[in-house]
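**Q** Take a look at the following structure, please.
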2 protein chains.
Amino acid sequence: MRVGPSQDEIRRQNLGALLRHVHVHGATSRAELTSTLGLNRSTIGALTADLAGAGLVSEGTPKETGRAGRPSLVVRPESARVYAYAYSIEVDRLRAARIGLGGEVLDRRGLDRPRGMDAGETAPLLAGVLKEMHQHVPPGSLCVGAGVAVCGMVRRADGLVRLGPTTGWVDEPIGAALAAALGTDVPVTVGNVADVAAFAEHARGVAADCDNVIYLYGDVGVGAGIIAGGRRLTGHGGYGGEVGHMVVVRDGAPCECGSRGCWETEIGEHALLRAAGRRDAHGRDALLAVFDAADRGDARAQTAVRQAGDWLGFGVANLVNIFNPEMVIFGGTMRDLYLAAAAQVRSRLNSMGLPACLEHVRLRTPTLGEDAALIGAAELAFERLLADPLDAG
Amino acid sequence: MRVGPSQDEIRRQNLGALLRHVHVHGATSRAELTSTLGLNRSTIGALTADLAGAGLVSEGTPKETGRAGRPSLVVRPESARVYAYAYSIEVDRLRAARIGLGGEVLDRRGLDRPRGMDAGETAPLLAGVLKEMHQHVPPGSLCVGAGVAVCGMVRRADGLVRLGPTTGWVDEPIGAALAAALGTDVPVTVGNVADVAAFAEHARGVAADCDNVIYLYGDVGVGAGIIAGGRRLTGHGGYGGEVGHMVVVRDGAPCECGSRGCWETEIGEHALLRAAGRRDAHGRDALLAVFDAADRGDARAQTAVRQAGDWLGFGVANLVNIFNPEMVIFGGTMRDLYLAAAAQVRSRLNSMGLPACLEHVRLRTPTLGEDAALIGAAELAFERLLADPLDAG
DNA sequence: GCAATACGTTGCCGCTCACAACAAACCGCC
DNA sequence: GGCGGTTTGTTGTGAGCGGCAACGTATTGC
């Protein structure tokens, strides 16, 4: 049974709200925080004092106010001192970063990932990168945790990767393995790429003011991160958003998942390359080559792109009818496909979508670009800090 | 920016939590409330005193405890004194009820609804029924509002019915019309039937312990009420859950919505009747006749039912992959179809659903039966009371 | 009739935030 | 350079909330 918070939970929530504000919006004057958060001056003062005492923010005098009156102290996130580790596990690459409070990328590494590498082999590799990065951490810094973005279905409870067609993983306990490798002082959170990217775009990207968002992410397959009513739609086990396996052609082409006619068999990498007559190619570069060819007038590539764009619009229309979102974001390869075939997408969407659902929906591309997964992964780790700044700090 | 609640909001939330508990679970001893809500004895005492003072609950000594110790006072909802009006606007019927706090149906009316009647004509009719029912209200009672369940897409902001294929309504302001007819002291809330029924089943039905639920409701069309993470999925405008217009056959049969191949063109009333060779029939009785015929061995009816059941499983599998729900509930005509073709539904679901998503999903029929819409409509009205018991009371 | 048990009631405490009064820092003007 | 006006930080006070412990009360079991 839901019950109201106790007093110290109020405090925690307010500390979190303040810290979240400077984390997302950057340095903010206390006066502005007062009006934004709707708390009293004295309360804001007490909260910032607590956060500053924990080393999470610092206060300073502003340069020039330009206005009359005593200048308000500016509350800054301790971007250099408070940080999270972020990982992105992709098809043939591993990316890692150290990201400061506020979202600044402090350090960044990347390494190739041989196909077929499982979680048990990956975790020590990631831990090694962490050790490398850790050598450059200034003394007195605070690590709030590590976040991992991975292509595949992630069990919310423990970060087990149930099925990652891209990586070939089945039931790989990357969360547990990484937690074991990093030790108990670095809590690990694992999330699906699309979910995590959606989270990032919702926190500090295009969807900053939208509470109902579908973030469509494509690499080899297609998944979605869904924000419904301002909160991430996880589903019961954490597997929500597997829109790539929505069947759009009954008894259609076989999909890797074992079903047939899944959406990603029509708009995924393989489908596009095959339709463009490049059956043996794979990877993002090959895909971009198809879009390039279509741009230059290659008839077969154009047909392939139009066909895929039409199917993209088809699936988006279904999702728009089901979710009535405010915004649909096209990320990963879906961004390229959308940009190459926007006319087809919109046309399908307009013919299939219910008028009421089409009313306010906006189609967008991500603003955080390649870093969305890493930033989102870091956000996962920061989430713990923001929920309880003083205890986690 | 989200900020923590102030002290009086804590009080409101706790009052609401207590009242919600006795509203949903019936009379409860103070001792039980203490352990369930996790609040102190003295706090529970103060809260019940406030609620009793507002006439929302009453306290009494229990019959027999059977255990040693001083018997705990029992907190009862004032079911007879505190009530809401509930309406359900259906194809050819209007149903109305007066429902007491706790969910008890105190009074119930029904009348025929001529097809083609619009909101402007319906509202006075509903207001008239309310006046009738009002005559039997004991003095000193408290009306907390009115809730309306209507087949169609409802704009959350003001209860405008955007599109109700069943009723033939387009942009009918039933919320505003009813509010005008009932006066300002009876706040009106309008919701989609499926949403409202899902709400009811989640509050006090099969889905009581499930936070991720899809309630599939069929009449002429098909819609869904979706509970995600314990909260109703409304979408941006309030139109979320229009799963009936998920296209399952590209360029398929034309649908009333203007699109083609919508799910409801395969599992809706018309589809089933047509496939069973009863093109001219309509209504629930005709549908039940088809299921009866299939039961008795009519080959054509059997084929129609199996076919529709297969499509039902198809769509459910898509939804299960997208939402990863804990439970799928089949209501309205979908209940009949599911019961008649459970084998087909499960077979399709198993072949198309992702293993991880199938893991914990349960298929169920509603427990609240025909009253789900009315009870859910009343819950909409009670929701305002539960959010702030003393101000609304 | 007594002890044991469980519960309601009461007074007190710590906590949080709002509020008001005061002090401090800036601007513009003379 | 001094002055008032303005905006803000700081401090002390107060109200409201829930937790807690002590005490009174109602029941069961012996």
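Ordered as shown in the structure tokens, chains take letters A, B, and onward, while each chain numbers its residues from 1 and ligands are numbered from 1 in the order shown.
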Using only C-alpha atoms (C1' of nucleotides) and a distance of at most 6 Å, pull out the residues of chain A that contact chain C, as a ChimeraX atom specification.
**A** /A:68-70
**Q** Please report as a ChimeraX atom specification which residues of chain D come no farther than 6 Å from chain B, using only C-alpha atoms (C1' of nucleotides).
**A** /D:17,26-28
**Q** Got time to write the residues from that selection, C-alpha atoms (C1' of nucleotides), as a tab-separated table (two decimals), in the first residue's frame?
**A**
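Below is the file that was written, out.tsv:
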```tsv
chain	number	residue	atom	x	y	z
D	17	DC	C1'	3.75	15.98	10.84
D	26	DA	C1'	-10.17	-4.23	27.14
D	27	DT	C1'	-9.90	-8.97	26.30
D	28	DT	C1'	-8.15	-14.07	26.96
```
**Q** Kindly determine which residues of chain B lie within 8 Å of chain A, considering only C-alpha atoms, and give the answer as a PyMOL selection string.
**A** chain B and resi 1-7+10-11+13-14+17+21+36-38+162+211-212+228-229+233-243+245-250+257-260+317-319+321-326+351-354+356-357
**Q** Give me, as a list of chain:residue names, the residues of stretch 140-186 of chain B that a backbone DSSP run labels strand (DSSP E or B).
**A**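 Everything in stretch 140-186 of chain B that counts as strand (DSSP E or B) is B:Leu142, B:Cys143, B:Val144, B:Gly145, B:Ala146, B:Gly147, B:Val148, B:Ala149, B:Val150, B:Met153, B:Val154, B:Val161, B:Arg162, B:Leu163, B:Gly164, B:Trp169, B:Val170, B:Asp171, B:Glu172.
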**Q** Emit the selected residues as a PDB file, in the first residue's frame, including N, CA and C atoms.
**A**
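As written to disk, selection31.pdb reads:
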```pdb
ATOM      1  N   LEU B 142     -23.136  12.077   1.099  1.00  0.00           N
ATOM      2  CA  LEU B 142     -22.130  12.892   0.420  1.00  0.00           C
ATOM      3  C   LEU B 142     -21.827  12.313  -0.946  1.00  0.00           C
ATOM      4  N   CYS B 143     -22.049  13.112  -1.985  1.00  0.00           N
ATOM      5  CA  CYS B 143     -21.733  12.671  -3.342  1.00  0.00           C
ATOM      6  C   CYS B 143     -20.351  13.191  -3.722  1.00  0.00           C
ATOM      7  N   VAL B 144     -19.481  12.304  -4.149  1.00  0.00           N
ATOM      8  CA  VAL B 144     -18.115  12.734  -4.453  1.00  0.00           C
ATOM      9  C   VAL B 144     -17.916  13.030  -5.930  1.00  0.00           C
ATOM     10  N   GLY B 145     -18.902  12.739  -6.754  1.00  0.00           N
ATOM     11  CA  GLY B 145     -18.759  13.053  -8.171  1.00  0.00           C
ATOM     12  C   GLY B 145     -19.391  12.003  -9.053  1.00  0.00           C
ATOM     13  N   ALA B 146     -19.199  12.152 -10.341  1.00  0.00           N
ATOM     14  CA  ALA B 146     -19.743  11.206 -11.306  1.00  0.00           C
ATOM     15  C   ALA B 146     -18.656  10.772 -12.277  1.00  0.00           C
ATOM     16  N   GLY B 147     -18.687   9.494 -12.615  1.00  0.00           N
ATOM     17  CA  GLY B 147     -17.739   8.970 -13.593  1.00  0.00           C
ATOM     18  C   GLY B 147     -18.498   8.379 -14.761  1.00  0.00           C
ATOM     19  N   VAL B 148     -17.937   8.513 -15.941  1.00  0.00           N
ATOM     20  CA  VAL B 148     -18.599   8.028 -17.144  1.00  0.00           C
ATOM     21  C   VAL B 148     -17.659   7.118 -17.921  1.00  0.00           C
ATOM     22  N   ALA B 149     -18.123   5.951 -18.269  1.00  0.00           N
ATOM     23  CA  ALA B 149     -17.366   5.072 -19.154  1.00  0.00           C
ATOM     24  C   ALA B 149     -18.018   5.114 -20.523  1.00  0.00           C
ATOM     25  N   VAL B 150     -17.226   5.405 -21.542  1.00  0.00           N
ATOM     26  CA  VAL B 150     -17.800   5.539 -22.864  1.00  0.00           C
ATOM     27  C   VAL B 150     -16.917   4.819 -23.892  1.00  0.00           C
ATOM     28  N   MET B 153     -12.574   7.243 -28.042  1.00  0.00           N
ATOM     29  CA  MET B 153     -11.355   7.907 -27.613  1.00  0.00           C
ATOM     30  C   MET B 153     -11.730   9.153 -26.844  1.00  0.00           C
ATOM     31  N   VAL B 154     -11.251   9.245 -25.632  1.00  0.00           N
ATOM     32  CA  VAL B 154     -11.642  10.345 -24.761  1.00  0.00           C
ATOM     33  C   VAL B 154     -10.441  11.255 -24.498  1.00  0.00           C
ATOM     34  N   VAL B 161     -15.319  13.311 -26.348  1.00  0.00           N
ATOM     35  CA  VAL B 161     -15.212  12.042 -27.056  1.00  0.00           C
ATOM     36  C   VAL B 161     -14.822  12.328 -28.500  1.00  0.00           C
ATOM     37  N   ARG B 162     -13.577  12.008 -28.828  1.00  0.00           N
ATOM     38  CA  ARG B 162     -13.081  12.329 -30.157  1.00  0.00           C
ATOM     39  C   ARG B 162     -13.701  11.455 -31.236  1.00  0.00           C
ATOM     40  N   LEU B 163     -13.769  10.172 -30.917  1.00  0.00           N
ATOM     41  CA  LEU B 163     -14.212   9.238 -31.931  1.00  0.00           C
ATOM     42  C   LEU B 163     -14.769   8.016 -31.227  1.00  0.00           C
ATOM     43  N   GLY B 164     -16.054   7.790 -31.386  1.00  0.00           N
ATOM     44  CA  GLY B 164     -16.670   6.619 -30.785  1.00  0.00           C
ATOM     45  C   GLY B 164     -17.424   5.850 -31.841  1.00  0.00           C
ATOM     46  N   TRP B 169     -20.283   8.682 -32.339  1.00  0.00           N
ATOM     47  CA  TRP B 169     -19.947  10.036 -31.896  1.00  0.00           C
ATOM     48  C   TRP B 169     -18.632  10.510 -32.511  1.00  0.00           C
ATOM     49  N   VAL B 170     -18.612  11.768 -32.891  1.00  0.00           N
ATOM     50  CA  VAL B 170     -17.377  12.421 -33.305  1.00  0.00           C
ATOM     51  C   VAL B 170     -17.320  13.770 -32.609  1.00  0.00           C
ATOM     52  N   ASP B 171     -16.301  13.968 -31.801  1.00  0.00           N
ATOM     53  CA  ASP B 171     -16.119  15.225 -31.077  1.00  0.00           C
ATOM     54  C   ASP B 171     -17.356  15.624 -30.283  1.00  0.00           C
ATOM     55  N   GLU B 172     -17.849  14.695 -29.502  1.00  0.00           N
ATOM     56  CA  GLU B 172     -19.006  14.983 -28.670  1.00  0.00           C
ATOM     57  C   GLU B 172     -18.548  15.337 -27.253  1.00  0.00           C
TER      58      GLU B 172
END
```
**Q** Go through stretch 197-230 of chain A and collect every residue that DSSP, computed from the backbone, puts in alpha helix (DSSP H); the answer should be as an mmCIF file with C-alpha atoms, in the first residue's frame.
**A**
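Result file is part.cif:
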```
data_model
loop_
_atom_site.group_PDB
_atom_site.id
_atom_site.type_symbol
_atom_site.label_atom_id
_atom_site.label_comp_id
_atom_site.auth_asym_id
_atom_site.auth_seq_id
_atom_site.Cartn_x
_atom_site.Cartn_y
_atom_site.Cartn_z
ATOM 1 C CA ALA A 197 19.189 6.388 -24.891
ATOM 2 C CA ALA A 198 15.552 7.313 -24.440
ATOM 3 C CA PHE A 199 16.285 8.082 -20.828
ATOM 4 C CA ALA A 200 19.137 10.364 -21.851
ATOM 5 C CA GLU A 201 17.129 12.187 -24.505
ATOM 6 C CA HIS A 202 14.316 12.603 -22.025
ATOM 7 C CA ALA A 203 16.621 13.942 -19.345
ATOM 8 C CA ARG A 204 18.724 16.320 -21.414
#
```
